[in-house]
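Colleague: To be precise about what I am sending: the file is called final.tsv and holds TSV, C-alpha atoms.
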chain	number	residue	atom	x	y	z
A	278	MET	CA	10.81	-44.77	-26.32
A	279	ILE	CA	12.06	-44.99	-22.76
A	280	THR	CA	9.27	-44.27	-20.31
A	281	LYS	CA	10.96	-44.50	-16.93
A	282	MET	CA	13.74	-45.99	-14.82
A	283	ASN	CA	12.78	-48.80	-12.47
A	284	HIS	CA	16.15	-50.02	-11.14
A	285	ALA	CA	19.39	-48.23	-10.31
A	286	SER	CA	22.42	-49.56	-8.45
A	287	ILE	CA	24.33	-48.17	-5.51
A	288	PHE	CA	27.60	-49.96	-4.89
A	289	VAL	CA	28.09	-50.64	-1.20
A	290	LEU	CA	30.85	-52.09	0.93
A	291	ASP	CA	28.56	-54.15	3.16
A	292	GLN	CA	24.90	-55.02	2.51
A	293	ASP	CA	23.94	-55.47	6.16
A	294	SER	CA	25.32	-52.08	7.05
A	295	ALA	CA	23.74	-50.53	3.95
A	296	PHE	CA	20.40	-52.07	4.93
A	297	ASP	CA	20.62	-50.36	8.30
A	298	PHE	CA	21.62	-47.05	6.74
A	299	TYR	CA	19.02	-46.87	3.99
A	300	VAL	CA	16.13	-48.41	5.93
A	301	ASN	CA	16.64	-47.34	9.52
A	302	LYS	CA	18.33	-43.98	8.97
A	303	LEU	CA	17.02	-42.72	5.64
A	304	GLY	CA	13.61	-44.36	6.04
A	305	PHE	CA	13.60	-46.24	2.74
A	306	THR	CA	11.40	-49.32	2.31
A	307	VAL	CA	12.73	-52.78	1.57
A	308	ASN	CA	11.37	-53.92	-1.77
A	309	THR	CA	13.12	-57.23	-2.45
A	310	ASP	CA	15.43	-59.13	-0.14
A	311	ALA	CA	16.26	-62.44	-1.75
A	312	ASP	CA	18.67	-65.06	-0.52
A	313	MET	CA	20.60	-66.14	-3.61
A	314	GLY	CA	22.73	-68.80	-2.01
A	315	PRO	CA	25.70	-68.74	0.35
A	316	GLY	CA	26.98	-65.19	0.71
A	317	LYS	CA	24.74	-63.88	-2.08
A	318	ARG	CA	21.82	-61.57	-1.59
A	319	TRP	CA	19.73	-59.41	-3.91
A	320	LEU	CA	18.60	-56.41	-1.91
A	321	THR	CA	16.61	-53.47	-3.23
A	322	VAL	CA	14.97	-50.55	-1.47
A	323	ASN	CA	12.49	-47.88	-2.50
A	324	PRO	CA	12.87	-44.21	-1.65
A	325	PRO	CA	9.77	-43.00	0.20
A	326	ASN	CA	6.89	-42.30	-2.19
A	327	GLN	CA	8.66	-44.02	-5.08
A	328	PRO	CA	7.51	-47.64	-5.00
A	329	ASP	CA	8.33	-48.13	-8.68
A	330	LEU	CA	12.02	-47.22	-8.38
A	331	GLU	CA	14.17	-49.92	-6.84
A	332	LEU	CA	17.65	-48.99	-5.68
A	333	THR	CA	19.80	-52.09	-5.67
A	334	LEU	CA	22.28	-52.14	-2.81
A	335	MET	CA	24.95	-53.91	-4.77
A	336	PRO	CA	27.86	-55.40	-2.82
A	337	ILE	CA	31.28	-54.86	-4.33
A	338	GLY	CA	32.75	-58.29	-4.54
A	339	THR	CA	34.08	-60.79	-6.99
A	340	GLY	CA	31.39	-61.99	-9.34
A	341	MET	CA	28.52	-60.00	-10.81
A	342	MET	CA	30.46	-57.10	-12.34
A	343	PHE	CA	33.89	-57.40	-10.78
A	344	ASN	CA	36.98	-59.57	-10.72
A	345	ASP	CA	39.29	-59.53	-7.67
A	346	GLU	CA	41.33	-56.61	-8.94
A	347	SER	CA	38.46	-54.41	-10.08
A	348	ALA	CA	36.53	-55.15	-6.87
A	349	ALA	CA	39.49	-54.02	-4.75
A	350	THR	CA	39.83	-50.87	-6.85
A	351	MET	CA	36.13	-50.15	-6.67
A	352	ARG	CA	36.06	-50.61	-2.91
A	353	GLU	CA	38.85	-48.08	-2.53
A	354	LEU	CA	37.13	-45.61	-4.83
A	355	VAL	CA	33.82	-45.91	-2.96
A	356	LYS	CA	35.51	-45.66	0.44
A	357	ASN	CA	37.28	-42.51	-0.67
A	358	GLY	CA	34.04	-40.82	-1.65
A	359	THR	CA	34.69	-40.82	-5.39
A	360	PHE	CA	31.11	-41.41	-6.46
A	361	GLY	CA	27.95	-39.38	-6.24
A	362	PHE	CA	25.16	-41.79	-7.08
A	363	GLY	CA	22.17	-39.50	-7.14
A	364	ALA	CA	20.14	-36.59	-5.94
A	365	PHE	CA	17.26	-36.98	-3.53
A	366	GLU	CA	14.47	-34.53	-2.93
A	367	CYS	CA	12.83	-33.75	0.37
A	368	GLU	CA	10.09	-31.51	1.66
A	369	ASP	CA	12.46	-29.36	3.69
A	370	VAL	CA	16.24	-29.67	3.53
A	371	ARG	CA	16.94	-27.93	6.81
A	372	ALA	CA	14.54	-30.12	8.78
A	373	THR	CA	15.70	-33.29	7.04
A	374	TYR	CA	19.31	-32.28	7.73
A	375	GLU	CA	18.59	-31.89	11.45
A	376	GLU	CA	16.78	-35.23	11.61
A	377	LEU	CA	19.36	-37.22	9.67
A	378	LYS	CA	22.22	-35.63	11.57
A	379	SER	CA	20.56	-36.68	14.83
A	380	LYS	CA	20.55	-40.23	13.46
A	381	GLY	CA	24.26	-40.10	12.74
A	382	VAL	CA	24.23	-39.37	9.00
A	383	GLU	CA	27.37	-37.53	7.94
A	384	PHE	CA	26.96	-34.38	5.89
A	385	SER	CA	29.80	-32.94	3.83
A	386	LYS	CA	27.80	-29.81	3.05
A	387	PRO	CA	25.15	-28.33	5.34
A	388	PRO	CA	21.94	-26.86	3.92
A	389	THR	CA	22.91	-24.05	1.62
A	390	GLU	CA	20.65	-21.71	-0.27
A	391	GLU	CA	21.13	-21.86	-4.03
A	392	PHE	CA	19.49	-19.84	-6.78
A	393	TRP	CA	17.08	-22.75	-7.39
A	394	GLY	CA	16.36	-23.73	-3.79
A	395	TRP	CA	18.22	-25.49	-0.99
A	396	ASN	CA	20.92	-28.12	-1.19
A	397	ALA	CA	23.02	-30.28	1.12
A	398	LEU	CA	25.36	-33.24	0.60
A	399	PHE	CA	25.49	-36.38	2.70
A	400	LYS	CA	27.40	-39.64	2.60
A	401	ASP	CA	26.07	-43.14	2.99
A	402	ASP	CA	27.76	-45.69	5.24
A	403	SER	CA	30.04	-46.81	2.38
A	404	GLY	CA	31.25	-43.36	1.34
A	405	ASN	CA	28.94	-42.66	-1.60
A	406	TRP	CA	27.66	-39.11	-1.59
A	407	PHE	CA	24.23	-37.84	-2.48
A	408	SER	CA	22.67	-34.48	-2.99
A	409	LEU	CA	19.65	-33.58	-0.92
A	410	GLY	CA	17.61	-30.87	-2.55
A	411	GLN	CA	14.53	-28.76	-2.13
A	412	LYS	CA	13.28	-26.64	-5.01
A	413	LYS	CA	12.02	-23.15	-4.32
A	414	GLN	CA	8.28	-22.77	-4.34
A	415	ASP	CA	7.04	-20.52	-7.13
B	13	MET	CA	7.39	-17.61	17.12
B	14	ASP	CA	9.07	-15.36	14.57
B	15	GLN	CA	11.48	-13.83	17.08
B	16	TYR	CA	13.36	-17.14	17.33
B	17	PRO	CA	16.14	-18.00	14.89
B	18	ARG	CA	14.84	-20.17	12.10
B	19	GLN	CA	17.30	-22.98	12.78
B	20	TYR	CA	16.10	-23.16	16.37
B	21	MET	CA	12.51	-23.53	15.22
B	22	TYR	CA	13.51	-26.27	12.80
B	23	MET	CA	15.22	-28.24	15.52
B	24	ARG	CA	12.12	-28.08	17.69
B	25	ALA	CA	9.86	-29.19	14.84
B	26	VAL	CA	12.23	-32.05	14.04
B	27	ARG	CA	12.20	-32.98	17.71
B	28	ALA	CA	8.42	-33.13	17.56
B	29	LYS	CA	8.54	-35.39	14.51
B	30	ILE	CA	11.01	-37.70	16.23
B	31	PHE	CA	8.73	-37.69	19.28
B	32	ILE	CA	5.84	-38.85	17.08
B	33	ASP	CA	8.07	-41.50	15.48
B	34	ALA	CA	8.94	-42.87	18.92
B	35	ASN	CA	5.57	-42.52	20.65
B	36	PHE	CA	3.08	-43.22	17.86
B	37	ALA	CA	1.52	-46.09	19.78
B	38	SER	CA	0.67	-43.98	22.80
B	39	ALA	CA	-2.48	-41.96	23.14
B	40	ILE	CA	-0.61	-38.80	22.27
B	41	ASP	CA	-2.60	-35.81	21.22
B	42	LEU	CA	-1.67	-32.65	19.44
B	43	ASN	CA	-1.29	-30.66	22.64
B	44	LYS	CA	1.13	-33.22	24.02
B	45	ILE	CA	3.18	-33.10	20.83
B	46	ALA	CA	3.18	-29.30	20.87
B	47	ASP	CA	4.23	-29.36	24.51
B	48	GLU	CA	7.11	-31.65	23.65
B	49	ALA	CA	8.31	-29.13	21.09
B	50	CYS	CA	7.67	-26.18	23.41
B	51	PHE	CA	5.26	-24.60	20.93
B	52	SER	CA	1.81	-23.16	21.12
B	53	LYS	CA	-0.57	-25.49	19.30
B	54	PHE	CA	-1.27	-22.92	16.59
B	55	HIS	CA	2.38	-22.20	15.78
B	56	PHE	CA	3.29	-25.84	16.02
B	57	VAL	CA	0.69	-26.97	13.47
B	58	ARG	CA	1.62	-24.14	11.13
B	59	LEU	CA	5.36	-24.85	11.20
B	60	PHE	CA	4.96	-28.62	11.07
B	61	LYS	CA	2.74	-28.40	8.01
B	62	GLU	CA	5.10	-25.95	6.37
B	63	ILE	CA	7.98	-28.39	6.82
B	64	TYR	CA	6.39	-31.77	6.33
B	65	GLY	CA	3.42	-30.93	4.12
B	66	ARG	CA	1.06	-32.57	6.60
B	67	THR	CA	-0.44	-31.66	9.92
B	68	PRO	CA	1.01	-33.44	12.94
B	69	HIS	CA	-2.20	-35.46	13.21
B	70	GLN	CA	-1.99	-36.54	9.57
B	71	TYR	CA	1.66	-37.43	10.07
B	72	LEU	CA	0.85	-39.45	13.21
B	73	THR	CA	-1.78	-41.38	11.26
B	74	ASP	CA	0.70	-42.03	8.45
B	75	VAL	CA	3.26	-43.35	10.92
B	76	ARG	CA	0.67	-45.61	12.55
B	77	ILE	CA	-0.41	-47.02	9.20
B	78	GLU	CA	3.20	-47.70	8.22
B	79	LYS	CA	3.90	-49.43	11.53
B	80	ALA	CA	0.69	-51.44	11.17
B	81	LYS	CA	1.92	-52.59	7.77
B	82	ALA	CA	5.10	-53.88	9.41
B	83	TYR	CA	3.10	-55.88	11.97
B	84	LEU	CA	0.87	-57.29	9.23
B	85	GLU	CA	3.96	-58.25	7.23
B	86	ASP	CA	5.22	-60.08	10.30
B	87	GLY	CA	2.06	-62.19	10.25
B	88	GLN	CA	0.28	-60.52	13.16
B	89	THR	CA	-3.51	-60.33	13.16
B	90	VAL	CA	-5.37	-57.23	12.04
B	91	ALA	CA	-6.61	-56.69	15.60
B	92	PHE	CA	-3.09	-56.95	17.00
B	93	ALA	CA	-1.72	-54.45	14.47
B	94	CYS	CA	-4.64	-52.10	15.05
B	95	PHE	CA	-4.27	-51.88	18.81
B	96	LYS	CA	-0.48	-52.11	18.84
B	97	VAL	CA	-0.07	-48.92	16.80
B	98	GLY	CA	-2.53	-46.91	18.85
B	99	PHE	CA	-5.90	-47.24	17.12
B	100	ASP	CA	-8.78	-48.19	19.36
B	101	SER	CA	-11.31	-49.44	16.83
B	102	ILE	CA	-10.73	-52.19	14.27
B	103	SER	CA	-13.44	-50.88	11.96
B	104	SER	CA	-12.09	-47.34	11.88
B	105	PHE	CA	-8.54	-48.70	11.48
B	106	THR	CA	-9.65	-50.90	8.58
B	107	GLY	CA	-11.47	-48.02	6.90
B	108	LEU	CA	-8.53	-45.67	7.32
B	109	PHE	CA	-6.06	-48.29	6.14
B	110	LYS	CA	-8.10	-48.89	2.99
B	111	ARG	CA	-8.41	-45.19	2.25
B	112	ARG	CA	-4.65	-44.72	2.57
B	113	THR	CA	-3.44	-47.87	0.82
B	114	GLY	CA	-6.30	-48.99	-1.41
B	115	GLN	CA	-6.41	-52.35	0.35
B	116	THR	CA	-7.92	-53.67	3.54
B	117	PRO	CA	-5.36	-54.78	6.13
B	118	LYS	CA	-6.14	-58.41	5.33
B	119	GLN	CA	-5.80	-57.86	1.59
B	120	PHE	CA	-2.50	-56.09	2.19
B	121	GLN	CA	-1.26	-58.95	4.36
B	122	ILE	CA	-2.20	-61.62	1.82
B	123	ALA	CA	-0.58	-59.67	-1.02
B	124	ARG	CA	2.64	-59.24	0.94
B	125	GLU	CA	2.68	-62.92	1.92
B	126	GLU	CA	2.31	-63.86	-1.72
B	127	PHE	CA	5.09	-61.46	-2.68
B	128	ARG	CA	7.48	-62.83	-0.05
B	129	GLU	CA	6.66	-66.39	-1.06
B	130	SER	CA	7.39	-65.48	-4.66
B	131	VAL	CA	10.73	-63.86	-3.74
B	132	ALA	CA	11.69	-66.95	-1.72
B	133	THR	CA	10.68	-69.57	-4.28
B	134	ALA	CA	11.26	-67.75	-7.55
B	135	PRO	CA	13.73	-64.93	-6.86
B	136	LEU	CA	14.68	-64.60	-10.50
B	137	HIS	CA	11.22	-63.23	-11.19
B	138	HIS	CA	12.26	-60.22	-9.13
B	139	ILE	CA	15.71	-59.56	-10.52
B	140	PRO	CA	16.36	-57.91	-13.88
B	141	SER	CA	17.72	-60.71	-16.02
B	142	CYS	CA	20.87	-58.86	-17.05
B	143	PHE	CA	21.99	-58.64	-13.42
B	144	ALA	CA	21.04	-62.25	-12.74
B	145	GLU	CA	23.03	-63.42	-15.73
B	146	LYS	CA	26.07	-61.38	-14.68
B	147	ALA	CA	25.91	-63.01	-11.27
B	148	GLY	CA	25.50	-66.45	-12.77
B	149	TRP	CA	22.04	-66.87	-11.30
B	150	VAL	CA	20.20	-69.02	-13.80
B	151	ARG	CA	16.92	-70.87	-13.75
B	152	THR	CA	17.40	-74.50	-13.05
B	153	GLY	CA	13.96	-75.40	-11.73
B	154	SER	CA	10.89	-76.45	-13.56
B	155	GLY	CA	7.25	-75.43	-13.54
B	156	SER	CA	6.20	-71.86	-13.12
B	157	ASP	CA	9.69	-70.57	-12.44
B	158	ARG	CA	10.83	-71.71	-15.84
B	159	ALA	CA	7.66	-70.81	-17.69
B	160	ALA	CA	6.97	-67.40	-16.26
B	161	PRO	CA	8.61	-64.35	-17.78
B	162	ALA	CA	11.39	-62.60	-15.91
B	163	LYS	CA	10.42	-59.67	-13.72
B	164	SER	CA	11.06	-56.93	-16.17
B	165	ASN	CA	12.07	-56.18	-19.67
B	166	LEU	CA	15.03	-54.10	-18.58
B	167	CYS	CA	17.83	-55.95	-20.26
Would you mind writing the structure in this file as structure tokens?
Modeller:
Amino acid sequence: MITKMNHASIFVLDQDSAFDFYVNKLGFTVNTDADMGPGKRWLTVNPPNQPDLELTLMPIGTGMMFNDESAATMRELVKNGTFGFGAFECEDVRATYEELKSKGVEFSKPPTEEFWGWNALFKDDSGNWFSLGQKKQD
Amino acid sequence: MDQYPRQYMYMRAVRAKIFIDANFASAIDLNKIADEACFSKFHFVRLFKEIYGRTPHQYLTDVRIEKAKAYLEDGQTVAFACFKVGFDSISSFTGLFKRRTGQTPKQFQIAREEFRESVATAPLHHIPSCFAEKAGWVRTGSGSDRAAPAKSNLC
């Protein structure tokens, strides 16, 4: 049976920019940064407190999973904010919102109280959106 | 404290956290951090812990340990990392580091050096094979790179 997930991919427009966003703004940790030859790089980061989950910052370019046409399409879709790639948790959404906003992170939904807790939505530097949640304490 | 709008209090607590992030290496104390956030010490500690799950002092220590890790990863000595992040005793730094990470600073540094060396010389050990194959990254070397199993059994 499946026991856990250890890699997931986030498709990004530019790996250098994504590195800055995920590491310097979100505070993620670099796990693996491997030079794979000219113009090729395998870059993964860990969310804080999750050293066994690697998020691959996957560039959208020809090769790997795309041909020229599908890469161009995918880049447009990502840029336009088509994809939500995940939901992150934090200790306190309102405080995290204030901190990330002060670092220039763009939110499409400010902290909002839901029946289950608090929720906000932010975008990464490519246009992917993520939920930021905080469950209510029992 | 309770007469202030909640959002206002959050912004001040966040400001205090950012202050710690920026000034971790200085000899800042709790009163100084509370002053920065315009709080009384009591209210400051209470709100900070409510938001971040740790006292400001615990958070400051966490930040210092994380920054020390970065210096150690850069190849700096244990003493350099210790003093650079604001600790004033190598033995207490080493003890604290081990309690938080399970490794001494030196053990941590050696393990990270080995990891980086492995990523540089045998990157395919660190990439799920299905992705490597899709990218056309194949093993062409000999020795341990060829013999060792791929990083994971994902694909």
Colleague: Could you check which of A:Ile279, A:Ala285, A:Met342, A:Ile337 is closest to chain B, using all atoms listed in the file?
Modeller: A:Met342
Colleague: Per residue of chain B within 9 Å of chain A, record the nearest atom pair and its distance in Å to one decimal, counting only C-alpha atoms, with rows in chain order and ascending residue number, as JSON lines.
Modeller:
{"residue": "B:Gln19", "atom": "CA", "partner": "A:Arg371", "partner_atom": "CA", "distance": 7.8}
{"residue": "B:Tyr22", "atom": "CA", "partner": "A:Ala372", "partner_atom": "CA", "distance": 5.7}
{"residue": "B:Met23", "atom": "CA", "partner": "A:Glu375", "partner_atom": "CA", "distance": 6.4}
{"residue": "B:Ala25", "atom": "CA", "partner": "A:Ala372", "partner_atom": "CA", "distance": 7.7}
{"residue": "B:Val26", "atom": "CA", "partner": "A:Glu376", "partner_atom": "CA", "distance": 6.1}
{"residue": "B:Arg27", "atom": "CA", "partner": "A:Glu376", "partner_atom": "CA", "distance": 8.0}
{"residue": "B:Lys29", "atom": "CA", "partner": "A:Glu376", "partner_atom": "CA", "distance": 8.7}
{"residue": "B:Ile30", "atom": "CA", "partner": "A:Glu376", "partner_atom": "CA", "distance": 7.8}
{"residue": "B:Glu62", "atom": "CA", "partner": "A:Asp369", "partner_atom": "CA", "distance": 8.5}
{"residue": "B:Ile63", "atom": "CA", "partner": "A:Asp369", "partner_atom": "CA", "distance": 5.6}
{"residue": "B:Tyr64", "atom": "CA", "partner": "A:Glu368", "partner_atom": "CA", "distance": 6.0}
{"residue": "B:Gly65", "atom": "CA", "partner": "A:Glu368", "partner_atom": "CA", "distance": 7.1}
{"residue": "B:Arg128", "atom": "CA", "partner": "A:Thr309", "partner_atom": "CA", "distance": 8.3}
{"residue": "B:Val131", "atom": "CA", "partner": "A:Ala311", "partner_atom": "CA", "distance": 6.0}
{"residue": "B:Ala132", "atom": "CA", "partner": "A:Ala311", "partner_atom": "CA", "distance": 6.4}
{"residue": "B:Pro135", "atom": "CA", "partner": "A:Ala311", "partner_atom": "CA", "distance": 6.2}
{"residue": "B:His138", "atom": "CA", "partner": "A:Thr309", "partner_atom": "CA", "distance": 7.4}
{"residue": "B:Ile139", "atom": "CA", "partner": "A:Trp319", "partner_atom": "CA", "distance": 7.7}
{"residue": "B:Pro140", "atom": "CA", "partner": "A:His284", "partner_atom": "CA", "distance": 8.4}
{"residue": "B:Phe143", "atom": "CA", "partner": "A:Met341", "partner_atom": "CA", "distance": 7.2}
{"residue": "B:Ala144", "atom": "CA", "partner": "A:Met341", "partner_atom": "CA", "distance": 8.0}
{"residue": "B:Glu145", "atom": "CA", "partner": "A:Met341", "partner_atom": "CA", "distance": 8.1}
{"residue": "B:Lys146", "atom": "CA", "partner": "A:Met341", "partner_atom": "CA", "distance": 4.8}
{"residue": "B:Ala147", "atom": "CA", "partner": "A:Met341", "partner_atom": "CA", "distance": 4.0}
{"residue": "B:Gly148", "atom": "CA", "partner": "A:Met341", "partner_atom": "CA", "distance": 7.4}
{"residue": "B:Trp149", "atom": "CA", "partner": "A:Met313", "partner_atom": "CA", "distance": 7.9}
{"residue": "B:Leu166", "atom": "CA", "partner": "A:Asn283", "partner_atom": "CA", "distance": 8.4}
Colleague: What gap, in Å, lies between atom CA of B:Phe99 and atom CA of B:Gln119?
Modeller: 18.8 Å
Colleague: What is the distance, in Å and to one decimal place, between atom CA of A:Pro387 and atom CA of A:Asp401?
Modeller: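 Calculated distance between atom CA of A:Pro387 and atom CA of A:Asp401 is 15.0 Å.
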Colleague: Need to verify the contact set: stretch 88-94 of chain B, 10 Å, all atoms listed in the file, exclusion of same-chain residues closer than 2 positions in sequence. Can you return it as an NGL selection string?
Modeller: :B and (37 or 76-77 or 79-86 or 96-106 or 109 or 116-118 or 121)
Colleague: Write out the residues from the selection above, keeping C-alpha atoms, as a CSV table (one decimal), in the coordinates of the input.
Modeller:
chain,number,residue,atom,x,y,z
B,37,ALA,CA,1.5,-46.1,19.8
B,76,ARG,CA,0.7,-45.6,12.6
B,77,ILE,CA,-0.4,-47.0,9.2
B,79,LYS,CA,3.9,-49.4,11.5
B,80,ALA,CA,0.7,-51.4,11.2
B,81,LYS,CA,1.9,-52.6,7.8
B,82,ALA,CA,5.1,-53.9,9.4
B,83,TYR,CA,3.1,-55.9,12.0
B,84,LEU,CA,0.9,-57.3,9.2
B,85,GLU,CA,4.0,-58.2,7.2
B,86,ASP,CA,5.2,-60.1,10.3
B,96,LYS,CA,-0.5,-52.1,18.8
B,97,VAL,CA,-0.1,-48.9,16.8
B,98,GLY,CA,-2.5,-46.9,18.8
B,99,PHE,CA,-5.9,-47.2,17.1
B,100,ASP,CA,-8.8,-48.2,19.4
B,101,SER,CA,-11.3,-49.4,16.8
B,102,ILE,CA,-10.7,-52.2,14.3
B,103,SER,CA,-13.4,-50.9,12.0
B,104,SER,CA,-12.1,-47.3,11.9
B,105,PHE,CA,-8.5,-48.7,11.5
B,106,THR,CA,-9.6,-50.9,8.6
B,109,PHE,CA,-6.1,-48.3,6.1
B,116,THR,CA,-7.9,-53.7,3.5
B,117,PRO,CA,-5.4,-54.8,6.1
B,118,LYS,CA,-6.1,-58.4,5.3
B,121,GLN,CA,-1.3,-59.0,4.4
Colleague: Could you work out how far atom CA of A:Phe362 lies from atom CA of A:Phe407, giving the answer in Å with one decimal?
Modeller: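 Computing the Euclidean distance for atom CA of A:Phe407 and atom CA of A:Phe362 yields 6.1 Å.
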Colleague: So, with only C-alpha atoms as the atoms that count, which of B:Asp33, B:Pro68, B:Gly87, B:Arg151 lies closest to B:Leu136?
Modeller: B:Arg151
Colleague: Looking at only C-alpha atoms, which of B:Arg111, B:His55, B:Arg66, B:Arg24 is the one that sits closest to B:Asn43?
Modeller: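 Smallest distance to B:Asn43 is found for B:His55.
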Colleague: Enumerate, as a PyMOL selection string, the protein, DNA and RNA residues whose atoms approach (26.3, -37.6, 2.1) to within 12 Å, taking into account only C-alpha atoms and the coordinate frame of the file.
Modeller: chain A and resi 298-299+303+358-365+374+377-378+381-388+396-410
Colleague: Could those selected residues go to a file with C-alpha atoms, as a PDB file, keeping the file's coordinate frame?
Modeller:
ATOM      1  CA  PHE A 298      21.620 -47.050   6.740  1.00  0.00           C
ATOM      2  CA  TYR A 299      19.020 -46.870   3.990  1.00  0.00           C
ATOM      3  CA  LEU A 303      17.020 -42.720   5.640  1.00  0.00           C
ATOM      4  CA  GLY A 358      34.040 -40.820  -1.650  1.00  0.00           C
ATOM      5  CA  THR A 359      34.690 -40.820  -5.390  1.00  0.00           C
ATOM      6  CA  PHE A 360      31.110 -41.410  -6.460  1.00  0.00           C
ATOM      7  CA  GLY A 361      27.950 -39.380  -6.240  1.00  0.00           C
ATOM      8  CA  PHE A 362      25.160 -41.790  -7.080  1.00  0.00           C
ATOM      9  CA  GLY A 363      22.170 -39.500  -7.140  1.00  0.00           C
ATOM     10  CA  ALA A 364      20.140 -36.590  -5.940  1.00  0.00           C
ATOM     11  CA  PHE A 365      17.260 -36.980  -3.530  1.00  0.00           C
ATOM     12  CA  TYR A 374      19.310 -32.280   7.730  1.00  0.00           C
ATOM     13  CA  LEU A 377      19.360 -37.220   9.670  1.00  0.00           C
ATOM     14  CA  LYS A 378      22.220 -35.630  11.570  1.00  0.00           C
ATOM     15  CA  GLY A 381      24.260 -40.100  12.740  1.00  0.00           C
ATOM     16  CA  VAL A 382      24.230 -39.370   9.000  1.00  0.00           C
ATOM     17  CA  GLU A 383      27.370 -37.530   7.940  1.00  0.00           C
ATOM     18  CA  PHE A 384      26.960 -34.380   5.890  1.00  0.00           C
ATOM     19  CA  SER A 385      29.800 -32.940   3.830  1.00  0.00           C
ATOM     20  CA  LYS A 386      27.800 -29.810   3.050  1.00  0.00           C
ATOM     21  CA  PRO A 387      25.150 -28.330   5.340  1.00  0.00           C
ATOM     22  CA  PRO A 388      21.940 -26.860   3.920  1.00  0.00           C
ATOM     23  CA  ASN A 396      20.920 -28.120  -1.190  1.00  0.00           C
ATOM     24  CA  ALA A 397      23.020 -30.280   1.120  1.00  0.00           C
ATOM     25  CA  LEU A 398      25.360 -33.240   0.600  1.00  0.00           C
ATOM     26  CA  PHE A 399      25.490 -36.380   2.700  1.00  0.00           C
ATOM     27  CA  LYS A 400      27.400 -39.640   2.600  1.00  0.00           C
ATOM     28  CA  ASP A 401      26.070 -43.140   2.990  1.00  0.00           C
ATOM     29  CA  ASP A 402      27.760 -45.690   5.240  1.00  0.00           C
ATOM     30  CA  SER A 403      30.040 -46.810   2.380  1.00  0.00           C
ATOM     31  CA  GLY A 404      31.250 -43.360   1.340  1.00  0.00           C
ATOM     32  CA  ASN A 405      28.940 -42.660  -1.600  1.00  0.00           C
ATOM     33  CA  TRP A 406      27.660 -39.110  -1.590  1.00  0.00           C
ATOM     34  CA  PHE A 407      24.230 -37.840  -2.480  1.00  0.00           C
ATOM     35  CA  SER A 408      22.670 -34.480  -2.990  1.00  0.00           C
ATOM     36  CA  LEU A 409      19.650 -33.580  -0.920  1.00  0.00           C
ATOM     37  CA  GLY A 410      17.610 -30.870  -2.550  1.00  0.00           C
TER      38      GLY A 410
END
Colleague: Of the candidates B:Gly114, B:Met21, B:Ala34, B:His137, which shows the shortest atom-to-atom distance to B:Phe56, using only C-alpha atoms?
Modeller: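 Using only C-alpha atoms, B:Phe56 sits closest to B:Met21.
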Colleague: Around all of stretch 24-40 of chain B's listed atoms, make the axis-aligned box with 6 Å on each side and tell me centre and edge lengths in Å to one decimal, as AutoDock Vina command-line options.
Modeller:
--center_x 4.9 --center_y -37.1 --center_z 18.6 --size_x 26.7 --size_y 30.0 --size_z 21.1
